[in-house]
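Engineer: There's a structure below that I have some questions on.
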Amino acid sequence: VVSPAVGIYHIGKKGKEIMLKENVPVKKDAFLGSIEMNNTQTDIIAPCGGILRIIAVSDGQSAEYGQPLFFIESE
């Protein structure tokens, strides 16, 4: 899963935390966080179901367009 925009990665939405852990199942269309740029947030959605193998970004970290954020091993 790559970054859809340049900005700051946030693991949850305001007032709502989510838990992401490596080597756990994720469902297709699961919310994986968002990229914020100029007070606009773009959601990051899992394109497939499978096992979340690698989380390559931390909360508050800057991200570039196309940068790998997550690696999901599809089922």
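In the structure tokens, each chain is lettered A, B, ... as it comes, each chain's residues begin at 1, and ligands are numbered from 1 in order of appearance.
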Need the shell around stretch 37-48 of chain A: protein/DNA/RNA residues with any atom at most 7 Å away, counting only C-alpha atoms. Skip same-chain ones fewer than 6 positions apart. Format as an mmCIF file with C-alpha atoms, in the first residue's frame?
Structural biologist:
```
data_model
loop_
_atom_site.group_PDB
_atom_site.id
_atom_site.type_symbol
_atom_site.label_atom_id
_atom_site.label_comp_id
_atom_site.auth_asym_id
_atom_site.auth_seq_id
_atom_site.Cartn_x
_atom_site.Cartn_y
_atom_site.Cartn_z
ATOM 1 C CA VAL A 6 2.510 14.016 0.150
ATOM 2 C CA GLY A 7 1.881 14.855 3.797
ATOM 3 C CA ILE A 8 1.924 13.586 7.385
ATOM 4 C CA LYS A 27 -9.867 -7.074 5.695
ATOM 5 C CA LYS A 28 -10.255 -5.538 2.273
ATOM 6 C CA ASP A 29 -11.244 -1.843 2.562
ATOM 7 C CA ALA A 30 -9.964 -1.651 6.168
ATOM 8 C CA PHE A 31 -8.954 1.865 7.300
ATOM 9 C CA SER A 74 -2.929 -11.169 0.062
#
```
Engineer: Which residues come within 8 Å of A:Ile54, counting only C-alpha atoms, excluding same-chain residues fewer than 3 positions away, as a count of residues only?
Structural biologist: 5
Engineer: For atom CA of A:Ser3 and atom CA of A:Asp59, determine how far apart the two atoms are, in Å to one decimal place.
Structural biologist: 13.4 Å
Engineer: To one decimal place in Å, what is the distance between atom CA of A:Leu52 and atom CA of A:Met19?
Structural biologist: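 Atom CA of A:Met19 lies at a distance of 12.0 Å from atom CA of A:Leu52.
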Engineer: Tell me which protein, DNA and RNA residues are within 8 Å of A:Pro25, counting only C-alpha atoms, leaving out same-chain ones fewer than 6 positions away, and put them as a VMD selection string.
Structural biologist: chain A and resid 49 to 52
Engineer: Keeping only N, CA and C atoms, write the selected residues to a file as a CSV table (one decimal), in the first residue's frame.
Structural biologist:
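again_35.csv was written with the following content:
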```
chain,number,residue,atom,x,y,z
A,49,GLY,N,-7.6,-8.1,1.2
A,49,GLY,CA,-7.6,-8.7,2.5
A,49,GLY,C,-6.3,-9.6,2.5
A,50,GLY,N,-5.8,-9.8,3.8
A,50,GLY,CA,-4.6,-10.6,3.9
A,50,GLY,C,-3.9,-10.4,5.2
A,51,ILE,N,-2.7,-10.7,5.3
A,51,ILE,CA,-1.9,-10.5,6.5
A,51,ILE,C,-1.0,-9.2,6.4
A,52,LEU,N,-1.1,-8.3,7.3
A,52,LEU,CA,-0.3,-7.1,7.4
A,52,LEU,C,1.1,-7.5,7.8
```
Engineer: Would you give me, as an MDAnalysis selection string, the residues in chain A that DSSP reads as strand (DSSP E)?
Structural biologist: chainID A and resid 7:10 24:26 31:37 40:45 50:55 62:63 70:74
Engineer: With distances taken over only C-alpha atoms, which of A:Leu20, A:Tyr9, A:Pro4, A:Ile35 is nearest to A:Ile55?
Structural biologist: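 Smallest distance to A:Ile55 is found for A:Leu20.
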Engineer: Nearest residue to A:Gln67 out of A:Ile18, A:Ile11, A:Leu32, A:Val2, using only C-alpha atoms?
Structural biologist: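 Among the listed residues, the smallest separation from A:Gln67 belongs to A:Val2.
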